[in-house]
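A.B. asks: protein-v9.txt is reproduced below (compact mmCIF, C-alpha atoms).
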# COMPACT_ATOMS: atom_id res chain seq x y z
CA MET W 1 47.67 36.23 60.34
CA ASN W 2 45.85 38.01 57.57
CA PHE W 3 47.11 41.49 57.01
CA ASN W 4 44.90 44.36 56.03
CA ASP W 5 45.94 45.81 52.70
CA ASN W 6 46.07 49.51 53.28
CA LEU W 7 48.11 49.80 56.47
CA PRO W 8 51.84 49.37 56.94
CA ILE W 9 52.57 45.94 58.42
CA TYR W 10 54.41 47.34 61.45
CA ILE W 11 51.27 49.21 62.56
CA GLN W 12 49.16 46.07 62.15
CA ILE W 13 51.63 44.14 64.29
CA MET W 14 51.49 46.91 66.93
CA ASN W 15 47.69 46.58 66.90
CA LEU W 16 47.91 42.80 67.18
CA LEU W 17 50.23 43.03 70.19
CA THR W 18 48.25 45.76 71.98
CA LYS W 19 45.14 43.66 71.46
CA ARG W 20 46.87 40.67 73.06
CA ILE W 21 47.89 42.92 75.97
CA ILE W 22 44.38 44.34 76.44
CA LEU W 23 42.84 40.88 76.37
CA GLY W 24 45.33 39.76 78.99
CA GLU W 25 46.94 37.17 76.73
CA LEU W 26 50.13 39.09 77.36
CA LYS W 27 50.30 40.26 80.96
CA GLY W 28 52.14 43.17 82.57
CA GLY W 29 55.80 42.24 82.97
CA GLU W 30 55.53 39.30 80.58
CA LYS W 31 58.19 38.78 77.94
CA LEU W 32 57.21 39.31 74.31
CA PRO W 33 58.29 36.70 71.76
CA SER W 34 61.73 37.49 70.33
CA VAL W 35 61.85 39.39 67.06
CA ARG W 36 62.91 36.23 65.28
CA GLU W 37 60.15 34.09 66.83
CA LEU W 38 57.43 36.55 65.87
CA SER W 39 59.03 37.03 62.48
CA THR W 40 58.78 33.30 61.79
CA GLU W 41 55.31 33.00 63.28
CA LEU W 42 53.89 35.80 61.13
CA LYS W 43 56.23 35.32 58.11
CA VAL W 44 57.24 38.95 58.30
CA ASN W 45 60.59 40.65 57.78
CA PRO W 46 62.50 40.86 61.11
CA ASN W 47 63.18 44.56 60.56
CA THR W 48 59.42 45.17 60.42
CA ILE W 49 58.91 43.37 63.75
CA GLN W 50 61.81 45.32 65.21
CA ARG W 51 60.13 48.54 64.17
CA SER W 52 56.83 47.52 65.80
CA TYR W 53 58.70 46.84 69.05
CA GLN W 54 60.50 50.18 68.86
CA GLU W 55 57.25 52.08 68.31
CA LEU W 56 55.54 50.21 71.16
CA GLU W 57 58.49 51.10 73.37
CA ARG W 58 58.28 54.74 72.35
CA GLU W 59 54.64 54.71 73.43
CA GLY W 60 55.61 53.22 76.78
CA ILE W 61 53.62 50.02 76.22
CA VAL W 62 56.67 47.76 76.33
CA PHE W 63 60.23 48.14 77.57
CA THR W 64 63.49 46.52 76.57
CA GLN W 65 66.01 45.01 78.90
CA ARG W 66 69.41 44.69 77.34
CA GLY W 67 70.23 41.10 76.53
CA MET W 68 66.97 39.90 78.07
CA GLY W 69 64.31 40.86 75.57
CA THR W 70 61.22 43.03 75.38
CA PHE W 71 58.61 43.04 78.15
CA VAL W 72 55.07 44.35 78.57
CA SER W 73 54.92 47.46 80.76
CA GLU W 74 53.79 46.90 84.34
CA ASP W 75 52.50 50.44 84.59
CA ARG W 76 48.77 50.13 85.20
CA ALA W 77 48.10 53.65 84.01
CA VAL W 78 49.57 52.83 80.61
CA LEU W 79 47.56 49.62 80.30
CA ASN W 80 44.37 51.37 81.40
CA GLU W 81 44.93 54.07 78.84
CA LEU W 82 45.33 51.39 76.17
CA LYS W 83 41.99 49.94 77.21
CA GLN W 84 40.34 53.38 77.20
CA ASN W 85 41.71 54.15 73.74
CA ARG W 86 40.49 50.83 72.43
CA ALA W 87 37.03 51.43 73.94
CA SER W 88 36.83 54.93 72.45
CA ASN W 89 37.77 53.50 69.08
CA ILE W 90 35.05 50.87 69.20
CA ILE W 91 32.44 53.42 70.29
CA MET W 92 33.47 55.94 67.62
CA HIS W 93 33.07 53.29 64.93
CA PHE W 94 29.74 52.24 66.41
CA ILE W 95 28.44 55.82 66.42
CA GLN W 96 29.53 56.33 62.83
CA ASP W 97 27.77 53.13 61.78
CA MET W 98 24.60 54.14 63.64
CA ASN W 99 24.70 57.62 62.12
CA SER W 100 24.90 56.13 58.68
CA LEU W 101 21.76 54.11 59.52
CA GLY W 102 20.05 57.43 60.34
CA PHE W 103 20.04 57.26 64.15
CA GLY W 104 20.74 60.49 66.04
CA LYS W 105 22.66 60.82 69.30
CA ASP W 106 19.63 60.63 71.64
CA GLU W 107 18.10 57.71 69.80
CA ILE W 108 21.35 55.80 70.05
CA ILE W 109 21.51 56.39 73.81
CA GLU W 110 17.88 55.28 74.23
CA LEU W 111 18.53 52.13 72.21
CA ILE W 112 21.58 51.26 74.28
CA LYS W 113 19.63 51.75 77.54
CA ASP W 114 16.88 49.45 76.32
CA MET W 115 19.35 46.81 75.15
CA ALA W 116 21.24 46.98 78.44
CA LYS W 117 18.01 46.43 80.40
CA GLU W 118 17.13 43.42 78.29
CA ALA W 119 20.61 42.01 78.67
CA LYS W 120 20.16 41.96 82.46
CA MET I 1 74.85 51.57 55.17
CA ALA I 2 77.32 50.14 52.68
CA ASN I 3 76.21 48.89 49.31
CA ILE I 4 76.86 45.29 48.36
CA ALA I 5 75.97 45.98 44.72
CA GLU I 6 76.02 49.11 42.60
CA ILE I 7 74.44 49.12 39.17
CA LYS I 8 74.89 52.13 36.90
CA GLY I 9 73.30 52.69 33.51
CA LEU I 10 73.06 48.96 32.89
CA THR I 11 71.81 47.97 29.46
CA LYS I 12 71.52 44.48 28.03
CA LEU I 13 70.76 43.84 24.38
CA TYR I 14 69.87 40.54 22.74
CA ASN I 15 70.50 41.42 19.09
CA ARG I 16 68.32 44.53 18.79
CA LYS I 17 65.99 43.67 21.65
CA LYS I 18 66.60 45.63 24.84
CA ALA I 19 66.16 43.39 27.88
CA LEU I 20 67.52 46.02 30.27
CA ASN I 21 67.52 49.72 29.53
CA ASN I 22 69.74 52.04 31.54
CA VAL I 23 69.06 50.47 34.92
CA THR I 24 70.62 52.25 37.89
CA LEU I 25 70.18 50.98 41.42
CA ASP I 26 72.10 50.16 44.58
CA LEU I 27 71.57 47.18 46.84
CA GLU I 28 72.37 47.92 50.47
CA SER I 29 73.91 45.41 52.83
CA GLY I 30 71.51 43.81 55.28
CA LYS I 31 68.29 44.22 53.31
CA ILE I 32 65.84 41.83 51.73
CA TYR I 33 64.81 43.10 48.30
CA GLY I 34 61.83 41.95 46.29
CA MET I 35 62.30 42.34 42.55
CA LEU I 36 58.92 42.29 40.89
CA GLY I 37 57.78 42.29 37.32
CA PRO I 38 56.03 40.10 34.76
CA ASN I 39 57.79 37.68 32.43
CA GLY I 40 60.07 39.51 30.04
CA SER I 41 60.53 42.55 32.26
CA GLY I 42 64.28 41.91 32.57
CA LYS I 43 64.46 40.31 36.03
CA THR I 44 66.34 37.22 34.91
CA SER I 45 68.74 39.19 32.72
CA LEU I 46 69.61 41.42 35.68
CA ILE I 47 70.05 38.43 37.97
CA LYS I 48 72.26 36.61 35.49
CA ILE I 49 74.49 39.65 35.10
CA LEU I 50 74.78 39.97 38.89
CA SER I 51 75.68 36.31 39.23
CA GLY I 52 78.26 36.54 36.45
CA ILE I 53 76.51 34.28 33.95
CA LEU I 54 75.72 36.97 31.39
CA ARG I 55 77.68 40.05 30.37
CA GLU I 56 76.26 43.52 30.23
CA SER I 57 76.08 45.34 26.87
CA SER I 58 76.88 48.67 28.49
CA GLY I 59 76.90 50.28 31.89
CA GLU I 60 78.62 49.17 35.04
CA VAL I 61 78.01 46.57 37.73
CA LEU I 62 80.04 46.37 40.92
CA ILE I 63 79.49 43.71 43.56
CA ASP I 64 81.43 44.02 46.79
CA GLY I 65 83.49 46.61 44.88
CA HIS I 66 84.38 44.24 42.01
CA LYS I 67 83.17 43.65 38.46
CA PRO I 68 81.38 40.31 38.07
CA GLY I 69 84.02 37.59 37.93
CA VAL I 70 85.87 35.15 40.13
CA HIS I 71 85.69 37.28 43.27
CA THR I 72 82.02 38.15 42.96
CA LYS I 73 81.07 34.52 42.34
CA SER I 74 82.61 33.70 45.70
CA VAL I 75 80.36 36.19 47.50
CA VAL I 76 77.14 35.70 45.50
CA ALA I 77 74.91 32.68 46.12
CA TYR I 78 72.47 32.26 43.26
CA LEU I 79 69.35 30.08 43.28
CA PRO I 80 68.24 29.62 39.66
CA ASP I 81 64.57 29.19 38.85
CA ARG I 82 65.12 25.57 37.86
CA ASN I 83 66.85 22.56 39.37
CA PHE I 84 70.63 22.61 38.98
CA LEU I 85 71.50 19.14 40.33
CA TYR I 86 72.37 16.00 38.38
CA LYS I 87 69.97 13.11 38.25
CA TRP I 88 72.42 10.50 39.56
CA MET I 89 72.98 12.40 42.79
CA SER I 90 71.74 11.68 46.25
CA ILE I 91 71.15 14.59 48.59
CA GLN I 92 74.42 13.69 50.31
CA ASP I 93 76.25 13.85 46.95
CA ALA I 94 74.82 17.30 46.37
CA VAL I 95 76.03 18.47 49.79
CA ASN I 96 79.49 17.06 49.06
CA LEU I 97 79.59 18.80 45.70
CA PHE I 98 78.79 22.15 47.30
CA LYS I 99 81.34 21.53 50.03
CA ASP I 100 84.04 20.94 47.42
CA PHE I 101 82.95 23.84 45.27
CA TYR I 102 82.39 26.70 47.69
CA GLY I 103 84.78 27.76 50.42
CA ASP I 104 81.96 29.49 52.30
CA PHE I 105 79.74 26.37 52.42
CA ASP I 106 78.74 25.41 55.97
CA GLU I 107 78.12 21.66 55.98
CA TYR I 108 76.74 21.69 59.52
CA ARG I 109 74.22 24.35 58.58
CA ALA I 110 73.21 22.31 55.52
CA TYR I 111 72.35 19.29 57.70
CA GLU I 112 70.41 21.51 60.05
CA LEU I 113 68.43 22.95 57.17
CA LEU I 114 67.83 19.51 55.65
CA ASP I 115 66.31 18.43 58.98
CA PHE I 116 64.24 21.58 59.10
CA MET I 117 62.99 20.88 55.56
CA LYS I 118 62.40 17.22 56.50
CA LEU I 119 64.68 15.96 53.75
CA ASP I 120 66.52 12.66 54.17
CA ARG I 121 70.09 12.95 52.90
CA ASN I 122 70.07 9.40 51.53
CA MET I 123 67.34 10.18 49.03
CA LYS I 124 68.16 10.32 45.33
CA THR I 125 67.29 13.54 43.54
CA THR I 126 65.13 11.51 41.13
CA GLU I 127 62.89 10.52 44.06
CA LEU I 128 62.16 14.13 45.01
CA SER I 129 58.91 15.94 44.32
CA LYS I 130 59.01 19.45 42.85
CA GLY I 131 58.60 21.01 46.29
CA MET I 132 61.32 18.81 47.82
CA MET I 133 63.67 19.66 44.97
CA GLU I 134 63.06 23.36 45.50
CA LYS I 135 63.73 22.94 49.21
CA LEU I 136 66.96 21.05 48.52
CA ASN I 137 68.21 23.66 46.06
CA LEU I 138 67.42 26.44 48.52
CA THR I 139 69.09 24.54 51.38
CA LEU I 140 72.33 24.32 49.42
CA ILE I 141 72.26 28.03 48.53
CA LEU I 142 71.41 29.21 52.04
CA SER I 143 74.15 27.03 53.54
CA ARG I 144 76.72 29.26 51.93
CA LYS I 145 77.89 32.24 53.96
CA ALA I 146 77.47 34.66 51.08
CA LYS I 147 77.22 38.45 51.05
CA LEU I 148 74.52 38.51 48.40
CA TYR I 149 71.88 35.82 47.96
CA ILE I 150 69.91 35.92 44.74
CA LEU I 151 66.78 33.78 44.80
CA ASP I 152 64.88 33.44 41.53
CA GLU I 153 61.28 32.38 42.19
CA PRO I 154 62.00 30.39 45.36
CA ILE I 155 58.38 29.44 46.05
CA ALA I 156 57.08 28.91 42.52
CA GLY I 157 54.98 25.79 42.13
CA VAL I 158 55.29 24.42 45.67
CA ASP I 159 52.48 23.48 48.05
CA PRO I 160 51.53 25.76 50.98
CA VAL I 161 53.40 23.71 53.60
CA ALA I 162 56.61 23.72 51.58
CA ARG I 163 56.06 27.41 50.89
CA ASP I 164 55.93 28.18 54.62
CA GLN I 165 59.04 26.10 55.25
CA ILE I 166 60.87 27.99 52.51
CA LEU I 167 59.74 31.38 53.87
CA ASN I 168 60.85 30.39 57.36
CA ALA I 169 64.20 29.17 56.06
CA ILE I 170 64.72 32.52 54.34
CA ILE I 171 63.70 34.51 57.44
CA ASN I 172 65.82 32.37 59.77
CA ASN I 173 68.82 32.60 57.50
CA TYR I 174 68.60 36.36 57.36
CA ASP I 175 71.37 37.68 59.61
CA GLY I 176 71.02 41.43 59.12
CA GLU I 177 74.37 41.68 57.31
CA SER I 178 74.00 39.84 54.04
CA THR I 179 71.62 40.98 51.33
CA MET I 180 68.89 39.03 49.59
CA LEU I 181 67.46 39.78 46.18
CA ILE I 182 64.32 37.72 45.57
CA THR I 183 62.12 37.59 42.50
CA THR I 184 58.59 36.28 42.64
CA HIS I 185 55.28 36.32 40.87
CA LEU I 186 53.57 35.36 44.12
CA VAL I 187 53.71 38.88 45.48
CA ARG I 188 51.00 38.41 48.08
CA ASP I 189 52.73 35.38 49.58
CA MET I 190 56.10 37.04 49.89
CA GLU I 191 55.63 40.78 50.19
CA ASN I 192 55.79 40.84 54.00
CA ILE I 193 59.37 39.63 54.04
CA PHE I 194 60.73 42.43 51.85
CA ASP I 195 62.44 45.55 53.18
CA ASP I 196 62.47 47.22 49.78
CA VAL I 197 60.79 46.44 46.48
CA ILE I 198 61.95 47.06 42.93
CA PHE I 199 59.37 47.06 40.15
CA LEU I 200 60.84 46.30 36.73
CA LYS I 201 58.85 47.02 33.61
CA ASP I 202 60.10 46.60 30.04
CA GLY I 203 63.69 46.50 31.22
CA GLU I 204 63.44 49.70 33.26
CA VAL I 205 63.08 50.41 36.95
CA ARG I 206 59.53 51.66 37.20
CA LEU I 207 59.32 52.11 40.97
CA ILE I 208 61.65 51.42 43.87
CA GLY I 209 61.18 52.02 47.55
CA ASN I 210 60.72 50.82 51.07
CA ALA I 211 57.78 48.40 51.18
CA GLU I 212 56.28 49.89 54.35
CA SER I 213 56.59 53.47 53.08
CA LEU I 214 54.90 52.50 49.81
CA ARG I 215 52.06 50.83 51.73
CA ALA I 216 51.60 53.94 53.86
CA GLU I 217 51.88 56.37 50.98
CA LYS I 218 49.58 54.55 48.55
CA GLU I 219 47.34 52.88 51.15
CA LYS I 220 47.74 49.67 49.19
CA SER I 221 49.49 46.36 49.56
CA ILE I 222 52.54 45.74 47.39
CA ASP I 223 50.43 43.16 45.55
CA GLU I 224 47.87 45.83 44.66
CA ILE I 225 50.56 48.29 43.62
CA TYR I 226 51.96 45.53 41.39
CA LYS I 227 48.57 45.03 39.74
CA GLN I 228 48.19 48.76 39.27
CA ILE I 229 51.58 49.14 37.60
CA PHE I 230 51.42 46.09 35.38
CA GLY I 231 47.70 46.04 34.72
CA GLU I 232 47.89 49.37 32.88
Could you write out this structure as structure tokens?
C.D. replies:
Amino acid sequence: MNFNDNLPIYIQIMNLLTKRIILGELKGGEKLPSVRELSTELKVNPNTIQRSYQELEREGIVFTQRGMGTFVSEDRAVLNELKQNRASNIIMHFIQDMNSLGFGKDEIIELIKDMAKEAK
Amino acid sequence: MANIAEIKGLTKLYNRKKALNNVTLDLESGKIYGMLGPNGSGKTSLIKILSGILRESSGEVLIDGHKPGVHTKSVVAYLPDRNFLYKWMSIQDAVNLFKDFYGDFDEYRAYELLDFMKLDRNMKTTELSKGMMEKLNLTLILSRKAKLYILDEPIAGVDPVARDQILNAIINNYDGESTMLITTHLVRDMENIFDDVIFLKDGEVRLIGNAESLRAEKEKSIDEIYKQIFGE
């Protein structure tokens, strides 16, 4: 994995895992790799991985079962919210990019409508 | 958390030249430290004092509560930046030597690591490539059950596959209790395995801190911070 330079690694690992969850590569109730496995896979300090897991747990995205490991939440509301957040993020970036090209709000909406029609 | 090493006001002079100037720092148990700095910044002098090879000119060094000496050598495992094995040896001879020499050497672990590194114990050290030699040296060091591991340039001059094997061996060996102090010039390749980083410049500690906090605070990778400090 290539890490982005200006973000702490634990946040990038949280993003990587939430992405895997959103894409369904990691399903609700599925066990996450152990800290050591992910640590070896990504060549990252185990304490950093541990921190990512703790933060994800704090956000309710995963839960830990003592002696068993860490699992993806089965709460649909949580997973839907993740999806929504991700979608908002993508759209916000898109709007910013379009604004910098000089397109206003209404123009953007028109363009999207046209594109959507063509895509059908 | 307890400190495995405490360094206070450490100065090392070679004739008039100051290799280390009033260095003060603690190494906590259970952390992986990256010690970073260009050639001549004092890294090797500090490491050699910690491993009991050199004596300080002034200041104090305590490892596991003791001054460097017989006791500290039994709890410090030091990987020098060059091969330390004799030419006549086979890998098996090297394992036997370590078994005789260090009470904390775990022979079973050594064989496990040799397999992991894909090294055949019947090979002679003269038959080994640079990368294989580095892997063998590291295997022997990591097979000790030490409290402080000091690794001087563990991935210098090895190919990417060997580099990954070495990184994995370091990560897998890490048990959360012992401490590792690692020097490297290949900051980008290694920075993700450090808990804390120590930047040494002209024999002084220029910056020290948690790697993740530094990334967050400066919005830069450790590699970029390195270039900023030493490119000045």
A.B. asks: Kindly provide, as a list in words, the polymer residues lying within 10 Å of (68.7, 29.4, 36.7), counting only C-alpha atoms and using the coordinates exactly as they appear in the file.
C.D. replies: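 The distance filter leaves exactly Thr44, Ile47, Lys48, Ile53, Tyr78, Leu79, Pro80, Asp81, Arg82, Asn83, Phe84, Leu151, Asp152 and Glu153 of chain I.
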A.B. asks: What is the atom CA of Leu7 of chain W to atom CA of Ile225 of chain I distance in Å?
C.D. replies: 13.2 Å
A.B. asks: Mind pulling up the distance from atom CA of Tyr86 of chain I to atom CA of Lys99 of chain I?
C.D. replies: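 Result for atom CA of Lys99 of chain I versus atom CA of Tyr86 of chain I: 15.7 Å, one decimal.
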A.B. asks: Report, as AutoDock Vina command-line options, the axis-aligned box around all atoms of segment 103-109 of chain I present in the file, extended by 8 Å on each side; give centre and edge lengths in Å to one decimal place.
C.D. replies:
--center_x 79.5 --center_y 25.6 --center_z 55.0 --size_x 26.6 --size_y 23.8 --size_z 25.1
A.B. asks: Residues of chain W no more than 9 Å from chain I, counting only C-alpha atoms: send them over as a compact mmCIF listing (two decimals) with C-alpha atoms, in the frame of the given file.
C.D. replies:
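Saved as part_22.txt:
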# COMPACT_ATOMS: atom_id res chain seq x y z
CA ASN W 4 44.90 44.36 56.03
CA ASP W 5 45.94 45.81 52.70
CA ASN W 6 46.07 49.51 53.28
CA LEU W 7 48.11 49.80 56.47
CA PRO W 8 51.84 49.37 56.94
CA ILE W 9 52.57 45.94 58.42
CA TYR W 10 54.41 47.34 61.45
CA ARG W 36 62.91 36.23 65.28
CA SER W 39 59.03 37.03 62.48
CA THR W 40 58.78 33.30 61.79
CA GLU W 41 55.31 33.00 63.28
CA LEU W 42 53.89 35.80 61.13
CA LYS W 43 56.23 35.32 58.11
CA VAL W 44 57.24 38.95 58.30
CA ASN W 45 60.59 40.65 57.78
CA PRO W 46 62.50 40.86 61.11
CA ASN W 47 63.18 44.56 60.56
CA THR W 48 59.42 45.17 60.42
A.B. asks: Find, counting all atoms listed in the file, the residue in I:Gly65, I:Gly131, I:Gly37, I:Gly157 that gets nearest to Asn3 of chain I.
C.D. replies: I:Gly65
A.B. asks: Between atom CA of Lys124 of chain I and atom CA of Lys145 of chain I, what is the distance in Å, rounded to a tenth?
C.D. replies: 25.5 Å
A.B. asks: What lies within 10 Å of Leu119 of chain I using all atoms listed in the file, ignoring chain neighbours under 6 positions off, as a list of chain:residue names?
C.D. replies: I:Ile91, I:Tyr111, I:Leu113, I:Leu128, I:Met132, I:Met133, I:Lys135, I:Leu136, I:Thr139
A.B. asks: Would you mind exporting the chosen residues as an mmCIF file, keeping the file's coordinate frame, restricted to C-alpha atoms?
C.D. replies:
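Saved to selection.cif:
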data_model
loop_
_atom_site.group_PDB
_atom_site.id
_atom_site.type_symbol
_atom_site.label_atom_id
_atom_site.label_comp_id
_atom_site.auth_asym_id
_atom_site.auth_seq_id
_atom_site.Cartn_x
_atom_site.Cartn_y
_atom_site.Cartn_z
ATOM 1 C CA ILE I 91 71.150 14.590 48.590
ATOM 2 C CA TYR I 111 72.350 19.290 57.700
ATOM 3 C CA LEU I 113 68.430 22.950 57.170
ATOM 4 C CA LEU I 128 62.160 14.130 45.010
ATOM 5 C CA MET I 132 61.320 18.810 47.820
ATOM 6 C CA MET I 133 63.670 19.660 44.970
ATOM 7 C CA LYS I 135 63.730 22.940 49.210
ATOM 8 C CA LEU I 136 66.960 21.050 48.520
ATOM 9 C CA THR I 139 69.090 24.540 51.380
#
A.B. asks: Set the distance at 7 Å and use only C-alpha atoms: which residues neighbour Ala19 of chain I once local chain neighbours fewer than 3 positions away are removed? I'd like the list as a ChimeraX atom specification.
C.D. replies: /I:12-14,42,45,203
A.B. asks: May I have the protein, DNA and RNA residues with an atom at most 12 Å from (61.4, 50.9, 79.6), counting only C-alpha atoms in the file's coordinates, returned as a VMD selection string?
C.D. replies: chain W and resid 29 53 to 54 56 to 66 69 to 75
A.B. asks: Can you pull out the residues contacting Leu10 of chain I? Cut-off 6 Å, using only C-alpha atoms, and skip same-chain residues under 6 positions away; I want them as a PDB file with C-alpha atoms, keeping the file's coordinate frame.
C.D. replies:
ATOM      1  CA  ASN I  22      69.740  52.040  31.540  1.00  0.00           C
ATOM      2  CA  VAL I  23      69.060  50.470  34.920  1.00  0.00           C
ATOM      3  CA  SER I  58      76.880  48.670  28.490  1.00  0.00           C
ATOM      4  CA  GLY I  59      76.900  50.280  31.890  1.00  0.00           C
ATOM      5  CA  GLU I  60      78.620  49.170  35.040  1.00  0.00           C
TER       6      GLU I  60
END
A.B. asks: As a list in words, please: the residues near segment 105-108 of chain W (cut-off 12 Å, all atoms listed in the file, same-chain neighbours under 5 positions excluded).
C.D. replies: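 Listed by chain and then number, they are Ile91, Met92, Phe94, Ile95, Gln96, Asp97, Met98, Asn99, Ser100, Lys113, Asp114 and Met115 of chain W.
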A.B. asks: Compare W:Asn89, W:Gln12, W:Gly67, W:Glu118 by their minimum atom-to-atom distance to Glu55 of chain W, counting only C-alpha atoms, and give me the closest one.
C.D. replies: W:Gln12
